[in-house]
Structures are given as C-alpha cells and as structure tokens.
file run23.txt (compact mmCIF, C-alpha atoms and all ligand atoms)
# COMPACT_ATOMS: atom_id res chain seq x y z
CA MET A 1 -52.26 30.15 49.17
CA ASN A 2 -48.65 28.95 49.12
CA GLU A 3 -47.16 27.34 52.21
CA HIS A 4 -44.65 30.19 52.44
CA ALA A 5 -44.66 33.96 51.97
CA ARG A 6 -41.89 36.55 51.78
CA VAL A 7 -42.45 39.58 53.98
CA THR A 8 -40.80 42.92 53.23
CA VAL A 9 -40.96 45.67 55.79
CA LEU A 10 -39.99 49.31 55.23
CA LEU A 11 -39.54 51.23 58.49
CA ASP A 12 -41.54 54.48 58.30
CA GLU A 13 -40.40 55.37 61.84
CA THR A 14 -37.47 54.27 64.00
CA VAL A 15 -37.95 50.84 65.55
CA ALA A 16 -36.28 49.37 68.63
CA THR A 17 -36.42 45.62 69.19
CA GLY A 18 -34.98 45.77 72.67
CA LYS A 19 -32.27 43.63 74.02
CA ASN A 20 -32.67 43.69 77.80
CA ALA A 21 -32.38 47.10 79.46
CA GLN A 22 -29.02 47.71 81.07
CA SER A 23 -28.60 49.06 84.54
CA ASP A 24 -27.11 52.32 83.33
CA HIS A 25 -30.31 53.37 81.57
CA ARG A 26 -29.11 52.49 78.12
CA GLN A 27 -31.11 50.17 75.98
CA ASP A 28 -29.68 48.52 72.92
CA THR A 29 -31.56 47.15 69.94
CA HIS A 30 -31.17 44.03 67.83
CA GLU A 31 -29.94 45.10 64.42
CA HIS A 32 -32.76 43.19 62.77
CA ILE A 33 -36.40 42.38 63.60
CA PRO A 34 -36.61 39.07 65.49
CA GLY A 35 -39.39 36.68 64.40
CA SER A 36 -40.97 36.98 67.86
CA VAL A 37 -41.37 40.75 67.36
CA LEU A 38 -42.94 40.26 63.92
CA ARG A 39 -45.34 37.67 65.34
CA GLY A 40 -46.27 39.93 68.28
CA ALA A 41 -46.94 42.87 65.95
CA ILE A 42 -49.19 40.81 63.67
CA ALA A 43 -51.07 39.30 66.62
CA ALA A 44 -51.63 42.84 67.97
CA ASP A 45 -53.09 43.78 64.58
CA TRP A 46 -55.55 40.84 64.79
CA ILE A 47 -56.59 41.98 68.26
CA ARG A 48 -56.97 45.60 67.11
CA ARG A 49 -59.31 44.48 64.31
CA ASN A 50 -61.39 41.92 66.20
CA GLY A 51 -60.95 42.55 69.91
CA GLN A 52 -59.22 40.48 72.59
CA GLY A 53 -61.77 37.68 72.11
CA VAL A 54 -60.06 36.64 68.88
CA THR A 55 -57.18 35.17 70.87
CA THR A 56 -59.38 32.30 72.09
CA THR A 57 -60.49 31.24 68.59
CA PRO A 58 -59.10 28.00 67.07
CA ASP A 59 -57.94 30.01 64.05
CA PHE A 60 -55.79 32.35 66.16
CA THR A 61 -54.31 29.42 68.07
CA GLU A 62 -53.41 27.54 64.92
CA VAL A 63 -51.85 30.60 63.26
CA PHE A 64 -49.91 31.99 66.24
CA GLU A 65 -49.38 28.98 68.50
CA GLY A 66 -49.20 26.25 65.87
CA ARG A 67 -46.42 24.61 63.86
CA GLY A 68 -45.86 27.51 61.45
CA SER A 69 -42.73 29.68 61.36
CA PHE A 70 -42.33 33.41 61.86
CA GLY A 71 -38.81 34.08 60.62
CA PRO A 72 -36.71 37.15 61.51
CA LEU A 73 -36.50 40.16 59.16
CA HIS A 74 -32.99 40.99 57.98
CA THR A 75 -31.07 43.12 55.51
CA PRO A 76 -28.19 41.37 53.68
CA ALA A 77 -25.82 43.23 56.04
CA SER A 78 -27.58 42.25 59.26
CA LEU A 79 -27.20 38.48 58.74
CA PRO A 80 -24.48 36.85 60.85
CA ILE A 81 -21.09 35.73 59.59
CA PRO A 82 -21.37 31.93 59.97
CA LEU A 83 -19.47 30.42 62.91
CA SER A 84 -17.79 27.99 60.50
CA VAL A 85 -15.99 30.93 58.89
CA ARG A 86 -12.56 32.37 59.76
CA VAL A 87 -12.03 36.06 59.08
CA HIS A 88 -9.10 38.49 59.37
CA LYS A 89 -8.45 39.35 63.01
CA TYR A 90 -7.30 42.83 61.91
CA GLU A 91 -8.35 44.92 58.91
CA PRO A 92 -7.64 43.12 55.62
CA THR A 93 -5.26 44.94 53.27
CA ARG A 94 -5.66 45.89 49.64
CA LYS A 95 -3.52 42.85 48.76
CA CYS A 96 -6.06 40.43 50.25
CA HIS A 97 -8.09 38.36 47.82
CA GLN A 98 -10.02 36.11 50.18
CA LEU A 99 -11.98 37.32 53.25
CA TRP A 100 -13.76 34.16 54.46
CA TRP A 101 -12.33 30.68 55.06
CA ASP A 102 -15.31 28.39 55.55
CA ALA A 103 -14.63 25.12 57.37
CA ALA A 104 -18.11 23.89 56.33
CA PHE A 105 -16.56 23.55 52.87
CA GLY A 106 -13.22 22.29 54.15
CA ASP A 107 -11.49 25.66 53.82
CA ASP A 108 -9.48 26.31 56.94
CA ALA A 109 -6.35 28.40 57.53
CA GLU A 110 -4.52 30.08 60.39
CA ARG A 111 -3.25 33.05 58.39
CA CYS A 112 -4.16 34.96 55.23
CA PRO A 113 -1.67 33.92 52.53
CA ARG A 114 -1.58 37.48 51.09
CA CYS A 115 -1.10 39.76 54.14
CA GLU A 116 0.01 36.95 56.51
CA GLY A 117 -2.30 38.42 59.15
CA PRO A 118 -3.85 36.03 61.69
CA LEU A 119 -7.39 34.76 61.16
CA GLU A 120 -10.01 34.18 63.83
CA ARG A 121 -13.28 32.28 63.95
CA SER A 122 -16.44 34.37 63.48
CA LYS A 123 -18.44 34.96 66.66
CA GLY A 124 -21.66 35.24 64.66
CA GLN A 125 -21.42 39.04 64.39
CA ALA A 126 -23.46 40.80 61.70
CA ARG A 127 -21.83 40.88 58.32
CA GLY A 128 -22.15 44.66 58.04
CA GLY A 129 -23.76 47.65 59.65
CA ILE A 130 -27.35 48.84 59.56
CA PRO A 131 -28.25 52.52 60.19
CA THR A 132 -29.33 53.21 63.78
CA THR A 133 -30.11 56.31 65.84
CA THR A 134 -29.88 56.89 69.58
CA ARG A 135 -32.43 59.00 71.40
CA THR A 136 -32.21 60.09 75.00
CA THR A 137 -35.48 60.64 76.84
CA ALA A 138 -36.64 60.73 80.42
CA ALA A 139 -37.08 57.22 81.75
CA LEU A 140 -40.67 56.31 82.53
CA THR A 141 -41.97 54.86 85.75
CA ALA A 142 -44.44 51.97 85.74
CA ASP A 143 -47.25 54.58 85.70
CA GLY A 144 -45.86 56.11 82.53
CA GLU A 145 -44.58 59.27 84.25
CA ALA A 146 -41.12 60.66 83.78
CA GLU A 147 -38.83 59.38 86.51
CA ASP A 148 -36.95 62.12 88.36
CA SER A 149 -33.58 62.91 86.81
CA ALA A 150 -33.31 59.52 85.14
CA LEU A 151 -32.34 59.80 81.50
CA PHE A 152 -32.79 56.84 79.26
CA SER A 153 -30.93 56.19 76.01
CA GLN A 154 -32.57 54.05 73.42
CA ARG A 155 -30.81 52.89 70.29
CA ALA A 156 -33.19 52.10 67.42
CA LEU A 157 -33.15 51.03 63.78
CA ASP A 158 -33.34 54.12 61.60
CA GLN A 159 -36.39 54.94 59.53
CA GLY A 160 -36.11 54.16 55.82
CA VAL A 161 -34.51 50.74 56.42
CA ARG A 162 -35.95 47.79 54.47
CA LEU A 163 -35.81 44.21 55.81
CA HIS A 164 -37.01 40.83 54.54
CA GLY A 165 -38.02 37.49 56.02
CA TRP A 166 -40.15 34.35 55.57
CA LEU A 167 -43.31 32.97 57.06
CA HIS A 168 -44.14 29.29 56.67
CA GLY A 169 -47.08 26.96 57.24
CA ALA A 170 -50.12 28.16 59.18
CA ALA A 171 -48.24 31.38 60.06
CA VAL A 172 -48.75 32.58 56.45
CA ARG A 173 -52.46 33.05 57.23
CA ALA A 174 -51.49 35.61 59.86
CA LEU A 175 -50.89 38.08 57.04
CA ASN A 176 -54.55 38.04 55.90
CA PRO A 177 -56.80 38.53 58.90
CA ASP A 178 -60.44 38.63 57.68
CA GLY A 179 -59.15 38.09 54.13
CA THR A 180 -57.68 41.61 54.03
CA PRO A 181 -53.89 41.77 53.71
CA ILE A 182 -51.85 43.55 56.36
CA THR A 183 -50.16 46.63 54.87
CA SER A 184 -48.69 48.22 57.98
CA LEU A 185 -47.58 47.16 61.46
CA LEU A 186 -46.32 48.70 64.67
CA LEU A 187 -42.98 47.02 65.30
CA GLY A 188 -40.99 47.00 68.50
CA SER A 189 -40.78 44.95 71.64
CA ARG A 190 -42.87 45.45 74.72
CA ARG A 191 -40.68 47.80 76.68
CA SER A 192 -39.28 49.69 73.70
CA VAL A 193 -40.27 52.40 71.33
CA ARG A 194 -42.64 51.07 68.72
CA GLY A 195 -42.52 52.36 65.19
CA LYS A 196 -44.75 52.20 62.16
CA ALA A 197 -43.65 50.09 59.20
CA SER A 198 -45.11 49.46 55.75
CA VAL A 199 -45.56 45.79 54.91
CA GLU A 200 -45.47 44.06 51.53
CA VAL A 201 -46.12 40.36 51.14
CA ASP A 202 -45.15 38.21 48.17
CA HIS A 203 -46.99 34.88 48.08
CA THR A 204 -45.50 33.74 44.77
CA VAL A 205 -41.71 34.10 45.13
CA SER A 206 -39.78 30.98 46.19
CA PRO A 207 -37.17 30.95 48.93
CA GLU A 208 -33.61 30.17 47.88
CA PRO A 209 -32.64 26.53 48.46
CA VAL A 210 -30.52 25.66 51.50
CA GLU A 211 -26.86 25.23 50.42
CA ALA A 212 -26.08 21.71 49.21
CA THR A 213 -23.03 19.95 47.78
CA GLY A 214 -23.18 16.32 46.67
CA ASN A 215 -25.09 14.41 49.35
CA ASP A 216 -24.49 17.09 51.99
CA VAL A 217 -26.57 20.08 53.03
CA VAL A 218 -25.17 23.07 54.93
CA LEU A 219 -27.52 24.62 57.48
CA ARG A 220 -26.76 28.13 58.72
CA LEU A 221 -28.86 29.67 61.50
CA ALA A 222 -30.17 33.21 60.95
CA ALA A 223 -31.68 33.14 64.46
CA PRO A 224 -31.03 31.14 67.63
CA ALA A 225 -32.42 27.59 67.49
CA VAL A 226 -33.93 25.29 70.10
CA PHE A 227 -33.06 21.60 69.70
CA VAL A 228 -33.75 18.80 72.18
CA ASP A 229 -32.60 15.20 72.42
CA ASP A 230 -34.80 12.14 73.04
CA PHE A 231 -34.97 13.01 76.75
CA GLY A 232 -36.10 16.58 76.08
CA LEU A 233 -32.74 17.98 77.15
CA PRO A 234 -31.13 20.84 75.22
CA SER A 235 -29.13 19.58 72.26
CA SER A 236 -26.56 21.44 70.16
CA THR A 237 -27.47 19.61 66.94
CA PRO A 238 -30.65 19.45 64.84
CA ASP A 239 -32.87 16.38 64.90
CA LEU A 240 -32.01 14.12 61.96
CA ARG A 241 -35.52 12.64 61.89
CA GLU A 242 -37.01 16.12 61.49
CA LEU A 243 -34.53 16.90 58.68
CA SER A 244 -35.25 13.56 56.95
CA GLU A 245 -38.96 14.30 57.01
CA VAL A 246 -38.62 17.79 55.49
CA LEU A 247 -35.91 16.85 52.98
CA GLY A 248 -37.66 13.66 51.82
CA VAL A 249 -34.39 11.71 52.01
CA GLU A 250 -32.63 10.16 54.99
CA ALA A 251 -30.41 12.65 56.82
CA SER A 252 -27.91 10.24 58.30
CA GLU A 253 -25.14 12.14 60.06
CA VAL A 254 -24.06 15.59 61.27
CA ARG A 255 -20.57 15.60 59.73
CA GLY A 256 -19.51 18.96 61.08
CA SER A 257 -20.92 21.53 63.47
CA TRP A 258 -19.71 25.01 64.39
CA THR A 259 -21.89 26.26 67.22
CA ARG A 260 -22.13 28.41 70.34
CA TRP A 261 -24.63 28.22 73.18
CA ASP A 262 -26.96 31.12 73.85
CA GLU A 263 -29.92 31.68 76.16
CA THR A 264 -33.49 32.48 75.26
CA GLY A 265 -35.39 34.88 77.42
CA GLY A 266 -37.94 37.43 76.49
CA TRP A 267 -41.22 38.64 77.75
CA HIS A 268 -44.49 36.76 77.83
CA ALA A 269 -46.99 39.37 76.61
CA ALA A 270 -50.15 37.80 78.03
CA SER A 271 -48.89 37.41 81.58
CA GLY A 272 -46.53 40.40 81.60
CA LEU A 273 -43.84 38.19 83.16
CA PRO A 274 -40.38 37.30 81.94
CA LYS A 275 -40.24 33.94 80.19
CA PRO A 276 -38.10 31.19 81.69
CA THR A 277 -34.71 31.08 80.04
CA GLU A 278 -33.83 28.05 77.97
CA ARG A 279 -30.58 26.95 76.37
CA CYS A 280 -30.47 27.47 72.63
CA VAL A 281 -27.88 27.44 69.87
CA ALA A 282 -26.69 30.90 68.76
CA ALA A 283 -27.43 32.57 65.43
CA GLY A 284 -24.61 31.97 62.96
CA SER A 285 -24.20 28.32 64.05
CA THR A 286 -23.57 26.08 61.05
CA TYR A 287 -23.99 22.34 60.37
CA ARG A 288 -22.91 20.10 57.54
CA VAL A 289 -25.31 17.18 57.34
CA ARG A 290 -24.85 14.04 55.21
CA CYS A 291 -27.90 12.64 53.43
CA ALA A 292 -28.35 9.19 51.89
CA GLU A 293 -28.88 10.90 48.51
CA PRO A 294 -29.05 14.51 47.30
CA PRO A 295 -32.33 16.13 48.42
CA ALA A 296 -34.65 17.60 45.76
CA GLU A 297 -34.26 21.33 45.21
CA ASN A 298 -37.88 21.93 46.17
CA ALA A 299 -37.30 20.29 49.55
CA LEU A 300 -34.25 22.53 50.10
CA ARG A 301 -36.44 25.57 49.40
CA THR A 302 -39.12 24.37 51.81
CA LEU A 303 -36.51 23.82 54.52
CA MET A 304 -35.25 27.40 54.01
CA ALA A 305 -38.67 28.99 54.63
CA ARG A 306 -39.60 26.56 57.41
CA GLY A 307 -36.41 26.53 59.47
CA VAL A 308 -35.40 23.82 61.96
CA GLY A 309 -36.02 22.82 65.56
CA LEU A 310 -38.63 23.86 68.12
CA ARG A 311 -40.41 27.19 68.76
CA ARG A 312 -40.18 28.22 65.10
CA ARG A 313 -43.37 30.24 65.59
CA GLU A 314 -41.30 32.47 67.90
CA GLY A 315 -38.64 33.02 65.27
CA PHE A 316 -36.25 30.26 66.41
CA GLY A 317 -34.42 28.05 63.94
CA ALA A 318 -34.61 30.36 60.89
CA LEU A 319 -32.06 29.57 58.17
CA PHE A 320 -30.14 31.55 55.56
CA ARG A 321 -27.61 30.94 52.83
CA THR A 322 -24.67 33.16 52.11
CA GLU A 323 -22.05 34.07 49.54
CA PRO A 324 -18.54 34.83 50.78
CA PRO A 325 -17.42 38.42 50.10
CA LEU A 326 -14.27 38.89 48.03
CA GLY A 327 -11.26 40.92 49.17
CA PHE A 328 -10.10 44.15 47.65
CA ALA A 329 -7.55 42.48 45.36
CA ALA A 330 -10.35 40.53 43.68
CA TRP A 331 -12.03 43.79 42.63
CA THR A 332 -9.23 45.96 41.27
CA SER A 333 -9.60 44.86 37.63
CA VAL A 334 -13.36 45.46 37.82
CA ALA A 335 -12.76 48.90 39.33
CA ALA A 336 -10.15 49.68 36.67
CA SER A 337 -12.52 48.94 33.78
CA LEU A 338 -15.18 51.20 35.32
CA ARG A 339 -12.73 54.09 35.51
CA GLN A 340 -13.12 54.41 31.72
CA LEU A 341 -16.47 56.11 32.30
CA PRO A 342 -15.96 59.47 33.96
CA GLY A 343 -18.99 60.43 36.03
CA LEU A 344 -19.96 56.85 36.79
CA THR A 345 -18.54 56.95 40.32
CA THR A 346 -20.77 59.96 41.10
CA ARG A 347 -23.81 57.94 40.03
CA LEU A 348 -22.56 54.89 41.94
CA ARG A 349 -22.13 57.03 45.06
CA GLU A 350 -25.87 57.85 44.97
CA ARG A 351 -26.47 54.16 45.77
CA LEU A 352 -24.46 54.26 48.99
CA ASP A 353 -27.12 55.45 51.43
CA PRO A 354 -29.91 53.27 49.92
CA LEU A 355 -27.49 50.33 50.03
CA ARG A 356 -27.00 50.87 53.79
CA ARG A 357 -30.79 50.96 54.28
CA GLY A 358 -31.53 47.96 52.05
CA THR A 359 -33.65 50.17 49.75
CA VAL A 360 -31.40 50.34 46.69
CA ASP A 361 -33.21 50.20 43.34
CA ASP A 362 -30.80 49.23 40.58
CA GLU A 363 -33.11 49.04 37.59
CA SER A 364 -31.69 52.16 35.89
CA TYR A 365 -28.11 50.94 36.52
CA TYR A 366 -28.84 47.54 34.98
CA ARG A 367 -30.51 49.19 31.99
CA ALA A 368 -27.49 51.46 31.49
CA SER A 369 -25.09 48.52 31.85
CA HIS A 370 -26.55 46.89 28.74
CA LYS A 371 -25.75 49.98 26.64
CA MET A 372 -22.08 50.02 27.69
CA PRO A 373 -19.20 48.11 26.10
CA PRO A 374 -19.72 44.46 27.17
CA ASP A 375 -16.76 44.25 29.59
CA VAL A 376 -17.64 47.56 31.26
CA GLY A 377 -21.31 46.59 31.53
CA GLU A 378 -20.37 43.32 33.12
CA ALA A 379 -18.02 45.06 35.57
CA LEU A 380 -20.87 47.40 36.54
CA ARG A 381 -23.29 44.52 37.13
CA THR A 382 -20.67 42.77 39.26
CA ILE A 383 -20.19 45.82 41.45
CA LEU A 384 -23.98 46.20 41.85
CA GLY A 385 -23.93 42.79 43.54
CA ILE A 386 -21.86 44.03 46.52
CA THR A 387 -23.96 44.03 49.70
CA ASP A 388 -21.37 45.43 52.13
CA ALA A 389 -21.84 49.22 51.98
CA ASP A 390 -18.52 50.05 53.69
CA PHE A 391 -16.60 47.90 51.26
CA TYR A 392 -18.53 49.39 48.34
CA GLU A 393 -17.54 52.87 49.53
CA GLN A 394 -13.86 51.84 49.77
CA LEU A 395 -14.03 50.58 46.22
CA LEU A 396 -15.53 53.86 44.97
CA ASP A 397 -12.75 55.78 46.74
CA TYR A 398 -10.24 53.56 44.98
CA MET A 399 -11.91 54.19 41.61
CA GLU A 400 -11.70 57.93 42.17
CA HIS A 401 -8.32 58.33 43.81
CA GLY A 402 -6.47 55.05 43.24
ZN ZN B 1 -5.15 39.21 54.28
call {"tool": "encode", "arguments": {"input": "run23.txt", "output": "structure tokens"}}
result
Amino acid sequence: MNEHARVTVLLDETVATGKNAQSDHRQDTHEHIPGSVLRGAIAADWIRRNGQGVTTTPDFTEVFEGRGSFGPLHTPASLPIPLSVRVHKYEPTRKCHQLWWDAAFGDDAERCPRCEGPLERSKGQARGGIPTTTRTTAALTADGEAEDSALFSQRALDQGVRLHGWLHGAAVRALNPDGTPITSLLLGSRRSVRGKASVEVDHTVSPEPVEATGNDVVLRLAAPAVFVDDFGLPSSTPDLRELSEVLGVEASEVRGSWTRWDETGGWHAASGLPKPTERCVAAGSTYRVRCAEPPAENALRTLMARGVGLRRREGFGALFRTEPPLGFAAWTSVAASLRQLPGLTTRLRERLDPLRRGTVDDESYYRASHKMPPDVGEALRTILGITDADFYEQLLDYMEHG
C-alpha cells in the first residue's frame, strides 16, 4: 500500500460540518469537510464494524492517534484564496486581465492597472461558492425532544457535491478496516445533521508537488496549522527541521510569510467535552521557504499529502497548490473563437450545475474538442479548465449576448 491515498467523497445527503452554534439558533457549516470530521466518521465506521473495544487496540491507536494525516476534503472552489494574494476590493470589470497579485512570487500592487480599482489582501476566504441548503427544524433538548417554540436553522452542504482530499502515513490504513475498503460514511460533526456519502479511494494517484521555484518552496495552508517553537509555545512559522527532513534538503530560512492567527476548538468525542482552545495559523496562510538546493519532485509530492506541523491526524497543516484565475479580458479572444459554433454555449451551460457541485464529467467535451478546427478545440479545452462557476457563467453570457 502506498504511503498516501486520495479520497473522493460524493454527498448522497446534505452534510453539515458545524461551526459553533450561535446564540440565535442558527448554525453555520464549513464549506468543506474538515479532516477532523473525516477522521471521526472513519473511526465511527471501525467501531460500528468491531465494537467499542476496537478503540483500545494498538492498530486503532496507530491509525487514528499516530503520526498520519487526515486532510480536509475540498472542491476547487472551496479552497482559500492565499493570504499572500491581493484581489480587487470591488468587482473587477471586463477590462481587467489580472485578478490575483501574489506577493509570494514578488507580485504586489496597490491598484489594478486596468480598472484602477483598489486591491486588498485576501482574508483566506473560499475562492468560490459551494451549493448549500438551509433547513429550519425544532431545536432539540439534551434528551432529544423538541424544545418548546425554539426553531433551529441549520445550513448544510447540498447533496450531489463531490469533494477530494489526502490521507498520509498510518492514516491510509483507516480506509481498509478488516481488509475491506470503506465505500460509504456518515459525515457531519457531533452536534450537526449527519449525512450519507459515497467514498472512493485511489491508492495509485500521486499528489501534485508543492509549488517550487529555484531553491524556494511555497507552502499554502488548506487548513489551520499548529506550529510550536523550541519551548512548545505557539509559533506562526513552520519548523525548518521538520521541512528539511521531509524535503531531504536543508530548509534554511522562511523568506516570506503571510499569515493570520486563528483558534482551534472543537469537541472531544470520547469525553463529550469541548477541547481546550489552542492558537493556530489560519487556513490560507502562505510561506516562501528557501532551501539549500532544489528539493526532489517526489519529496514535494510527499510534503503535499503529508502536510506540516502538529496534529495532522486532526486535519491540521494540510497543504494545497493553486493557479491564479485570469480576468475577463484574458478570455475574450477564447470566447470569440467559440462563438463560431452555434449551439456550443447550450452544451457548455449543461456543465454549470455539475461544475458548482464538483461533479463535472468533461470526457465528451474533450472528445468533441479534438474533432473541431484546432484553434476552436484548444479554446474549448481552455474554457473547460475554469473552476470558478460564477465566472464561467459570466463568460457564457458574454458568448451569447456580447
Ligand atoms: Zn481591475
């Protein structure tokens, strides 16, 4: 078995991965599945198969409490905009060519040169939207009875959404209890609505390498991370010794960091008590780290699946890489060449809802693209690469109406 595995989850029912309940009886959801929720769901499956006694076995301890990583499950749209990036403060215009200015690559500006609008630093918000639904039900008391006149609103990820993530190290074994692969899970956090999800695991695919340029690597956090210094105090930067060990070359210096503090919390399932809060670095935080020499690509792939810092088994320290989106002006020639094929926009519109849910299947589009005139086929393949559904819709509107 490989030391990493890619997990794909298709939500068969709505799933809420609760942020803390608010006093006004509204509960919000994370717009992804945190690694801690994935780990809890898999552990529950082990217990369902083998009884509570399994939790005291060395195997269970190594898989769920060991040094492995349970990464979060995301769609391309649910990943954060890195904190090193500046974006338009107001809506970009059709004249705008560039949408991200990434200080991690030395690209910094105060204003967009095309629309002259002000730019602002990303706060780590999700790159795009993910379909959610809100249900209002009677709030339950501790005994599970409806509380008098208390209505409770729960926002949840919609069914039919597909998300992906990585497991690494001993955590990979979690997916094969008793040698039988897990094919479905009940996802959702303790005090939220749980929903059924189909699970597919790929043990052969490799993670993408962490971004690298020359001797530098760029680390972007897909989840909050817990780092400590030599005294065990919270630190805002990753441990260079840990990075050196994983990368196989000396990581010598954090040359740039774009971070925010966050707090961990959560619920300890075994004791039924809230966990102590701990300072962590927020998702979207970005580091540029200098190495003594360029790390091998394989090491960059391992680092991607493994993540960085402490408590990786609880989903902390997961990494991602990202491609900057292009502004409208960068797409107009592509859109213009596709206008030659009447009827194509109708077919492209059929992708819109699957694109929002992360379930788009482009095989027939790619096949068709190879039968088109070369420039049109290439334009089609380019447009199939757009991950932002709202932007994709704008572009289709432009193709239809100008
Ligand atoms: Zn602009």
call {"tool": "closest_atom_pairs", "arguments": {"input": "run23.txt", "of": "chain A", "to": "ligand ZN 1 (chain B)", "cutoff": "9 Å", "atoms": "all atoms listed in the file", "output": "CSV"}}
result
residue,atom,partner,partner_atom,distance
A:Val87,CA,B:ZN1,ZN,9.0
A:His88,CA,B:ZN1,ZN,6.5
A:Tyr90,CA,B:ZN1,ZN,8.7
A:Glu91,CA,B:ZN1,ZN,8.0
A:Pro92,CA,B:ZN1,ZN,4.8
A:Thr93,CA,B:ZN1,ZN,5.8
A:Arg94,CA,B:ZN1,ZN,8.1
A:Lys95,CA,B:ZN1,ZN,6.8
A:Cys96,CA,B:ZN1,ZN,4.3
A:His97,CA,B:ZN1,ZN,7.1
A:Gln98,CA,B:ZN1,ZN,7.1
A:Leu99,CA,B:ZN1,ZN,7.2
A:Arg111,CA,B:ZN1,ZN,7.6
A:Cys112,CA,B:ZN1,ZN,4.5
A:Pro113,CA,B:ZN1,ZN,6.6
A:Arg114,CA,B:ZN1,ZN,5.1
A:Cys115,CA,B:ZN1,ZN,4.1
A:Glu116,CA,B:ZN1,ZN,6.1
A:Gly117,CA,B:ZN1,ZN,5.7
A:Pro118,CA,B:ZN1,ZN,8.2
A:Leu119,CA,B:ZN1,ZN,8.5
A:Gly327,CA,B:ZN1,ZN,8.1
call {"tool": "residues_near_point", "arguments": {"input": "run23.txt", "point": "(-9.6, 50.8, 48.3)", "cutoff": "12 Å", "atoms": "all atoms listed in the file", "output": "list of chain:residue names"}}
result
A:Pro92, A:Thr93, A:Arg94, A:Lys95, A:Cys96, A:Gly327, A:Phe328, A:Ala329, A:Ala330, A:Trp331, A:Thr332, A:Ala335, A:Ala336, A:Asp390, A:Phe391, A:Tyr392, A:Glu393, A:Gln394, A:Leu395, A:Leu396, A:Asp397, A:Tyr398, A:Met399, A:Glu400, A:His401, A:Gly402
call {"tool": "residues_around", "arguments": {"input": "run23.txt", "residues": "Thr133 of chain A", "least_positions_apart": "6", "cutoff": "6 Å", "atoms": "all atoms listed in the file", "output": "compact mmCIF listing (two decimals) with C-alpha atoms, in the frame of the given file"}}
result
# COMPACT_ATOMS: atom_id res chain seq x y z
CA ARG A 155 -30.81 52.89 70.29
CA ALA A 156 -33.19 52.10 67.42
CA ASP A 158 -33.34 54.12 61.60
call {"tool": "atom_distance", "arguments": {"input": "run23.txt", "atom1": "atom CA of Gly195 of chain A", "atom2": "atom CA of Leu11 of chain A"}}
result
7.4 Å
call {"tool": "closest_residue", "arguments": {"input": "run23.txt", "among": "A:Ala318, A:Ala283, A:Ala299, A:Ile130", "to": "Pro224 of chain A", "atoms": "only C-alpha atoms"}}
result
A:Ala283
